[in-house]
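Structure file my_file.csv; described as CSV, C-alpha atoms.
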```csv
chain,number,residue,atom,x,y,z
A,1,MET,CA,241.1,20.8,42.6
A,2,SER,CA,237.6,19.2,42.9
A,3,LYS,CA,235.8,17.6,40.0
A,4,LYS,CA,232.9,20.1,40.1
A,5,LEU,CA,235.2,23.1,39.8
A,6,TRP,CA,236.9,21.6,36.7
A,7,LEU,CA,233.5,21.1,35.2
A,8,HIS,CA,232.6,24.8,35.8
A,9,ILE,CA,235.8,26.0,34.2
A,10,ILE,CA,235.3,23.8,31.1
A,11,PHE,CA,231.7,25.1,30.6
A,12,ILE,CA,232.7,28.7,30.9
A,13,SER,CA,235.5,28.2,28.4
A,14,ILE,CA,233.2,26.6,25.9
A,15,GLY,CA,230.8,29.5,26.3
A,16,PHE,CA,233.5,32.1,25.5
A,17,LEU,CA,234.6,30.1,22.4
A,18,CYS,CA,231.0,29.7,21.0
A,19,TYR,CA,229.7,33.2,21.5
A,20,PRO,CA,232.6,35.6,21.3
A,21,LYS,CA,230.8,38.2,19.2
A,22,THR,CA,228.1,38.8,21.7
A,23,TYR,CA,230.4,39.7,24.5
A,24,ASN,CA,232.7,41.7,22.1
A,25,ASN,CA,229.7,43.8,20.9
A,26,ALA,CA,228.6,44.4,24.5
A,27,PHE,CA,232.1,45.6,25.4
A,28,VAL,CA,232.4,47.7,22.2
A,29,ALA,CA,229.0,49.3,22.8
A,30,SER,CA,229.9,50.3,26.2
A,31,ASP,CA,233.3,51.6,25.0
A,32,SER,CA,231.8,53.6,22.0
A,33,LEU,CA,229.4,55.6,24.1
A,34,LYS,CA,230.3,59.3,23.7
A,35,VAL,CA,229.5,62.0,26.3
A,36,ASP,CA,229.1,65.6,25.2
A,37,THR,CA,231.3,67.7,27.4
A,38,SER,CA,230.8,70.9,25.5
A,39,THR,CA,229.9,74.0,27.6
A,40,GLN,CA,228.9,76.2,24.7
A,41,ILE,CA,225.2,75.4,24.6
A,42,SER,CA,222.8,78.2,23.6
A,43,PRO,CA,219.0,77.9,23.6
A,44,ARG,CA,217.1,78.5,20.3
A,45,ASN,CA,214.3,81.1,20.1
A,46,PHE,CA,211.2,80.8,17.9
A,47,ASP,CA,208.8,83.4,16.7
A,48,ASP,CA,205.2,83.5,17.9
A,49,LEU,CA,203.7,80.5,16.0
A,50,ASN,CA,200.1,81.6,16.6
A,51,GLU,CA,200.7,84.7,14.5
A,52,ILE,CA,202.3,82.7,11.6
A,53,TYR,CA,200.0,79.7,11.4
A,54,THR,CA,196.6,81.2,11.1
A,55,GLY,CA,193.6,80.6,8.9
A,56,GLU,CA,191.1,77.8,8.3
A,57,ASP,CA,193.8,75.2,7.3
A,58,TYR,CA,195.4,75.4,10.8
A,59,ILE,CA,192.2,74.9,12.8
A,60,TYR,CA,192.1,71.3,13.9
A,61,GLU,CA,189.6,71.6,16.7
A,62,ARG,CA,186.4,73.6,16.2
A,63,THR,CA,183.9,74.9,18.7
A,64,ILE,CA,180.3,75.8,18.1
A,65,GLU,CA,181.2,79.5,18.0
A,66,SER,CA,183.8,79.0,15.2
A,67,SER,CA,181.5,76.8,13.1
A,68,GLY,CA,179.3,77.9,10.2
A,69,TRP,CA,175.8,79.2,10.7
A,70,TRP,CA,174.2,75.9,9.5
A,71,THR,CA,176.2,73.9,12.1
A,72,ARG,CA,175.2,76.4,14.8
A,73,PHE,CA,171.6,76.2,13.7
A,74,LYS,CA,171.5,72.4,13.8
A,75,GLN,CA,173.2,72.4,17.2
A,76,TRP,CA,170.6,74.9,18.5
A,77,LEU,CA,167.7,72.8,17.0
A,78,SER,CA,169.2,69.6,18.5
A,79,ASP,CA,169.4,71.2,22.0
A,80,PHE,CA,165.9,72.5,21.6
A,81,LEU,CA,164.5,69.1,20.7
A,82,LYS,CA,166.4,67.5,23.6
A,83,ASP,CA,164.9,69.9,26.0
A,84,LEU,CA,161.4,69.6,24.5
A,85,PHE,CA,161.2,65.8,24.4
A,86,ASN,CA,163.7,65.0,27.2
A,87,ILE,CA,166.1,63.3,24.9
A,88,THR,CA,169.3,62.2,26.6
A,89,ASN,CA,171.0,60.3,23.8
A,90,GLU,CA,173.0,62.4,21.4
A,91,GLY,CA,172.4,60.0,18.5
A,92,GLN,CA,168.7,60.2,19.0
A,93,ALA,CA,168.8,63.9,19.2
A,94,SER,CA,170.8,64.1,15.9
A,95,LYS,CA,168.4,61.8,14.2
A,96,ALA,CA,165.4,63.8,15.4
A,97,THR,CA,167.1,67.0,14.2
A,98,ASP,CA,167.6,65.6,10.7
A,99,ILE,CA,163.9,64.5,10.5
A,100,ALA,CA,162.7,67.9,11.7
A,101,ILE,CA,164.8,69.6,9.0
A,102,LYS,CA,163.5,67.3,6.3
A,103,ILE,CA,159.9,67.9,7.3
A,104,ALA,CA,160.5,71.7,7.4
A,105,GLY,CA,162.0,71.5,3.9
A,106,VAL,CA,159.0,69.7,2.5
A,107,ILE,CA,156.6,72.2,4.1
A,108,ILE,CA,158.6,75.2,2.7
A,109,PHE,CA,158.6,73.6,-0.7
A,110,LEU,CA,154.8,73.1,-0.7
A,111,LEU,CA,154.3,76.7,0.5
A,112,VAL,CA,156.4,78.0,-2.4
A,113,ILE,CA,154.4,75.9,-4.9
A,114,TYR,CA,151.2,77.2,-3.3
A,115,PHE,CA,152.2,80.9,-3.5
A,116,ILE,CA,153.5,80.5,-7.1
A,117,PHE,CA,150.2,78.9,-8.1
A,118,LYS,CA,148.2,81.6,-6.3
A,119,ALA,CA,150.3,84.4,-8.0
A,120,ILE,CA,149.7,82.9,-11.4
A,121,MET,CA,146.0,82.6,-10.7
A,122,ASN,CA,145.8,86.2,-9.6
A,123,LYS,CA,147.7,87.4,-12.6
A,124,GLU,CA,145.8,85.4,-15.2
A,125,GLY,CA,142.4,85.8,-13.5
A,126,SER,CA,140.3,83.4,-15.4
A,127,TRP,CA,142.0,80.7,-17.4
A,128,VAL,CA,139.5,81.0,-20.2
A,129,PHE,CA,139.8,84.7,-20.8
A,130,GLY,CA,143.6,84.8,-20.2
A,131,LYS,CA,144.2,88.4,-19.0
A,132,SER,CA,143.0,90.1,-15.9
A,133,SER,CA,144.6,93.3,-15.0
A,134,ASP,CA,141.7,94.3,-12.9
A,135,LYS,CA,141.2,92.6,-9.4
A,136,LYS,CA,137.5,93.4,-9.4
A,137,ILE,CA,136.8,90.9,-12.2
A,138,ILE,CA,134.4,88.3,-11.0
A,139,PRO,CA,135.9,84.7,-11.1
A,140,VAL,CA,135.1,82.6,-14.1
A,141,THR,CA,133.0,80.2,-12.1
A,142,ASP,CA,130.7,83.0,-11.1
A,143,ILE,CA,130.1,84.4,-14.6
A,144,GLU,CA,130.8,82.0,-17.5
A,145,ASN,CA,129.2,79.1,-15.8
A,146,ASN,CA,126.2,81.1,-14.8
A,147,ILE,CA,125.6,83.6,-17.5
A,148,HIS,CA,121.8,82.8,-17.6
A,149,THR,CA,121.4,84.0,-14.0
A,150,THR,CA,123.8,86.9,-14.1
A,151,ASN,CA,122.5,90.5,-14.1
A,152,PHE,CA,124.9,91.9,-16.7
A,153,LYS,CA,123.1,95.3,-16.8
A,154,LYS,CA,123.9,95.9,-13.1
A,155,LEU,CA,127.5,94.8,-13.5
A,156,ILE,CA,128.0,97.1,-16.5
A,157,GLU,CA,126.6,100.0,-14.6
A,158,ASN,CA,129.0,99.5,-11.7
A,159,ALA,CA,132.0,99.1,-14.1
A,160,GLU,CA,131.0,102.4,-15.9
A,161,LYS,CA,130.8,104.2,-12.6
A,162,GLU,CA,134.4,103.2,-11.8
A,163,ASN,CA,135.5,104.0,-15.4
A,164,ASN,CA,136.5,100.4,-15.8
A,165,TYR,CA,135.7,100.3,-19.5
A,166,ARG,CA,137.6,97.1,-20.3
A,167,LEU,CA,135.6,95.3,-17.7
A,168,ALA,CA,132.3,96.8,-19.0
A,169,ILE,CA,133.1,95.5,-22.5
A,170,ARG,CA,133.8,92.1,-21.1
A,171,TYR,CA,130.3,92.1,-19.5
A,172,TYR,CA,128.7,93.3,-22.7
A,173,TYR,CA,130.3,90.4,-24.6
A,174,LEU,CA,129.1,87.8,-22.1
A,175,TRP,CA,125.6,89.4,-22.1
A,176,LEU,CA,125.6,89.0,-25.9
A,177,LEU,CA,126.5,85.3,-25.7
A,178,LYS,CA,123.7,84.9,-23.2
A,179,GLN,CA,121.2,86.5,-25.6
A,180,LEU,CA,122.3,84.5,-28.6
A,181,THR,CA,122.1,81.3,-26.6
A,182,GLN,CA,118.5,82.1,-25.4
A,183,ALA,CA,117.6,82.9,-29.0
A,184,GLU,CA,118.9,79.5,-29.9
A,185,ILE,CA,121.3,81.0,-32.4
A,186,ILE,CA,124.4,79.5,-30.7
A,187,GLU,CA,125.0,76.8,-28.1
A,188,TYR,CA,126.9,78.3,-25.2
A,189,ASP,CA,130.0,76.5,-23.9
A,190,VAL,CA,132.8,78.0,-21.8
A,191,GLU,CA,135.4,76.1,-23.8
A,192,LYS,CA,134.3,77.5,-27.2
A,193,THR,CA,136.1,80.4,-28.9
A,194,ASN,CA,134.8,83.4,-30.8
A,195,SER,CA,135.3,81.5,-34.1
A,196,ASP,CA,133.4,78.5,-32.8
A,197,TYR,CA,130.4,80.7,-32.1
A,198,GLN,CA,130.7,82.6,-35.4
A,199,ASN,CA,130.7,79.3,-37.3
A,200,GLU,CA,127.4,78.3,-35.6
A,201,ILE,CA,125.6,81.4,-36.7
A,202,SER,CA,123.6,80.7,-39.9
A,203,GLN,CA,122.2,84.2,-40.6
A,204,ASN,CA,124.6,86.4,-42.5
A,205,GLN,CA,123.6,89.7,-40.9
A,206,ILE,CA,123.9,88.3,-37.3
A,207,LYS,CA,127.2,86.6,-38.2
A,208,LYS,CA,128.5,89.9,-39.6
A,209,GLU,CA,127.5,91.9,-36.5
A,210,PHE,CA,128.9,89.1,-34.2
A,211,ALA,CA,132.2,89.2,-36.1
A,212,TYR,CA,132.4,93.0,-35.5
A,213,THR,CA,131.6,92.9,-31.8
A,214,SER,CA,134.0,90.0,-31.3
A,215,TYR,CA,136.7,92.2,-32.9
A,216,LEU,CA,135.9,95.1,-30.5
A,217,TYR,CA,135.9,92.7,-27.6
A,218,ASN,CA,139.3,91.2,-28.5
A,219,TYR,CA,140.8,94.6,-29.3
A,220,ILE,CA,139.6,96.2,-26.0
A,221,TRP,CA,139.8,93.3,-23.5
A,222,TYR,CA,143.1,91.9,-24.7
A,223,GLY,CA,144.7,95.2,-25.7
A,224,GLU,CA,147.7,96.5,-23.8
A,225,PHE,CA,146.3,100.1,-23.5
A,226,ASN,CA,143.8,102.2,-21.6
A,227,VAL,CA,140.4,102.6,-23.2
A,228,THR,CA,139.3,106.2,-23.7
A,229,PRO,CA,135.7,107.2,-23.1
A,230,THR,CA,135.2,107.9,-26.8
A,231,GLU,CA,136.4,104.4,-27.7
A,232,PHE,CA,134.2,102.8,-25.1
A,233,ASN,CA,131.1,104.7,-26.2
A,234,GLN,CA,131.7,103.5,-29.8
A,235,ALA,CA,132.0,99.9,-28.7
A,236,LYS,CA,129.1,100.3,-26.3
A,237,HIS,CA,126.9,101.5,-29.1
A,238,ALA,CA,127.7,98.5,-31.3
A,239,PHE,CA,127.0,96.0,-28.5
A,240,THR,CA,123.7,97.6,-27.4
A,241,LYS,CA,122.5,97.8,-31.0
A,242,PHE,CA,123.3,94.2,-31.5
A,243,LEU,CA,121.6,93.2,-28.2
A,244,LYS,CA,118.4,94.9,-29.2
A,245,SER,CA,118.3,93.1,-32.6
A,246,VAL,CA,118.7,89.7,-30.9
A,247,LYS,CA,115.3,88.6,-29.6
A,248,ALA,CA,114.9,85.4,-27.6
```
If you convert what's in this file into C-alpha cells, what do you get?
Amino acid sequence: MSKKLWLHIIFISIGFLCYPKTYNNAFVASDSLKVDTSTQISPRNFDDLNEIYTGEDYIYERTIESSGWWTRFKQWLSDFLKDLFNITNEGQASKATDIAIKIAGVIIFLLVIYFIFKAIMNKEGSWVFGKSSDKKIIPVTDIENNIHTTNFKKLIENAEKENNYRLAIRYYYLWLLKQLTQAEIIEYDVEKTNSDYQNEISQNQIKKEFAYTSYLYNYIWYGEFNVTPTEFNQAKHAFTKFLKSVKA
C-alpha cells in the first residue's frame, strides 16, 4: 500500500474521531423525518369573511368615494388647481390647496365680522340715541352733526303723514336743541346727555319746561310701545309751546 493512501486513511480517521456529533446529527435528522401517509384528509370550509368583517375598523385601503366629504372636497380643489395652473407635482398641488383653503377661511371670517357689524348698526341706528326701530330714521351724521342746517319742520310733517309719531317726537327734540343753542341757552354737543343740557340752563322756567319735554322724549322715543295719536298730540303741544317761547 502506497504512502499517500495511508495518509488519506489516517486523515479520514482523525476527522471521524474529532467531529462525531456532526455526522451523527445528520444521520439522525435524516432518519427522524416523518412522512404523513394518512389518506383521511378533509378540506376545511370558511364562512364568507366579507359579511363578517365589515365596518370602518376593517377598511385598510380607502378610495376617494369612501372618504369623508372634507377629503373629497380637498381632492376636488387640488385637481381644480392642478388643471388651472398646470401643476404636475402632487406636493405642490397639496400645498396650493392648503393655502387656498386658508385664504378662503380668512375671507369668510372677515365677511362674518362685516355682516355682524352691519346688523348691529342697522339694529341700533345711531350710536348716540341707542334705539332705532324705524328704518327711515336719518343717520346720526346727517342730523345731530348738522342740526343748524336741518329743516325739522319738513321732517316732522313727513313723519306725521306716515303716522310715525316716535320719529316725529325725535325731530321735535332735536329742533328744540337747535333753538336753545341759537338762543345761547345751551351749548350743543352730540356727546352731551339731557342732564348735561338741563344743568346748563340757568332760567328756572326754561329748565322746568326742558325737563318736562325731555321726559316726554325719553318716554316716547325709548319706550317699548306704540304711540297713540292722543299721546302724540299731547307731546306735540308741549314741544311746540316750548319752541315758541324760545327766541333766538
Worksheet item: Got a sec: who's within 10 Å of A:Leu180, counting only C-alpha atoms, leaving out chain neighbours fewer than 6 positions off, as a ChimeraX atom specification?
Response: /A:174,186-188,197,201,206,210,243,246-248
Residues within 12 Å of A:Ala93, please, as a PDB file with C-alpha atoms, in the coordinates of the input. Count all atoms listed in the file; anything in the same chain fewer than 5 positions from it doesn't count.
```pdb
ATOM      1  CA  LYS A  74     171.500  72.400  13.800  1.00  0.00           C
ATOM      2  CA  GLN A  75     173.200  72.400  17.200  1.00  0.00           C
ATOM      3  CA  TRP A  76     170.600  74.900  18.500  1.00  0.00           C
ATOM      4  CA  LEU A  77     167.700  72.800  17.000  1.00  0.00           C
ATOM      5  CA  SER A  78     169.200  69.600  18.500  1.00  0.00           C
ATOM      6  CA  ASP A  79     169.400  71.200  22.000  1.00  0.00           C
ATOM      7  CA  PHE A  80     165.900  72.500  21.600  1.00  0.00           C
ATOM      8  CA  LEU A  81     164.500  69.100  20.700  1.00  0.00           C
ATOM      9  CA  LYS A  82     166.400  67.500  23.600  1.00  0.00           C
ATOM     10  CA  ASP A  83     164.900  69.900  26.000  1.00  0.00           C
ATOM     11  CA  LEU A  84     161.400  69.600  24.500  1.00  0.00           C
ATOM     12  CA  PHE A  85     161.200  65.800  24.400  1.00  0.00           C
ATOM     13  CA  ASN A  86     163.700  65.000  27.200  1.00  0.00           C
ATOM     14  CA  ILE A  87     166.100  63.300  24.900  1.00  0.00           C
ATOM     15  CA  THR A  88     169.300  62.200  26.600  1.00  0.00           C
ATOM     16  CA  ASP A  98     167.600  65.600  10.700  1.00  0.00           C
ATOM     17  CA  ILE A  99     163.900  64.500  10.500  1.00  0.00           C
ATOM     18  CA  ALA A 100     162.700  67.900  11.700  1.00  0.00           C
TER      19      ALA A 100
END
```
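In this model, the gap between atom CA of A:Leu167 and atom CA of A:Tyr114 comes to 27.9 Å.
Taking atom CA of A:Phe242 as the reference point, atom CA of A:Glu184 is found at 15.4 Å.
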Response to the item:
A straight line from atom CA of A:Glu231 to atom CA of A:Tyr219 spans 10.9 Å
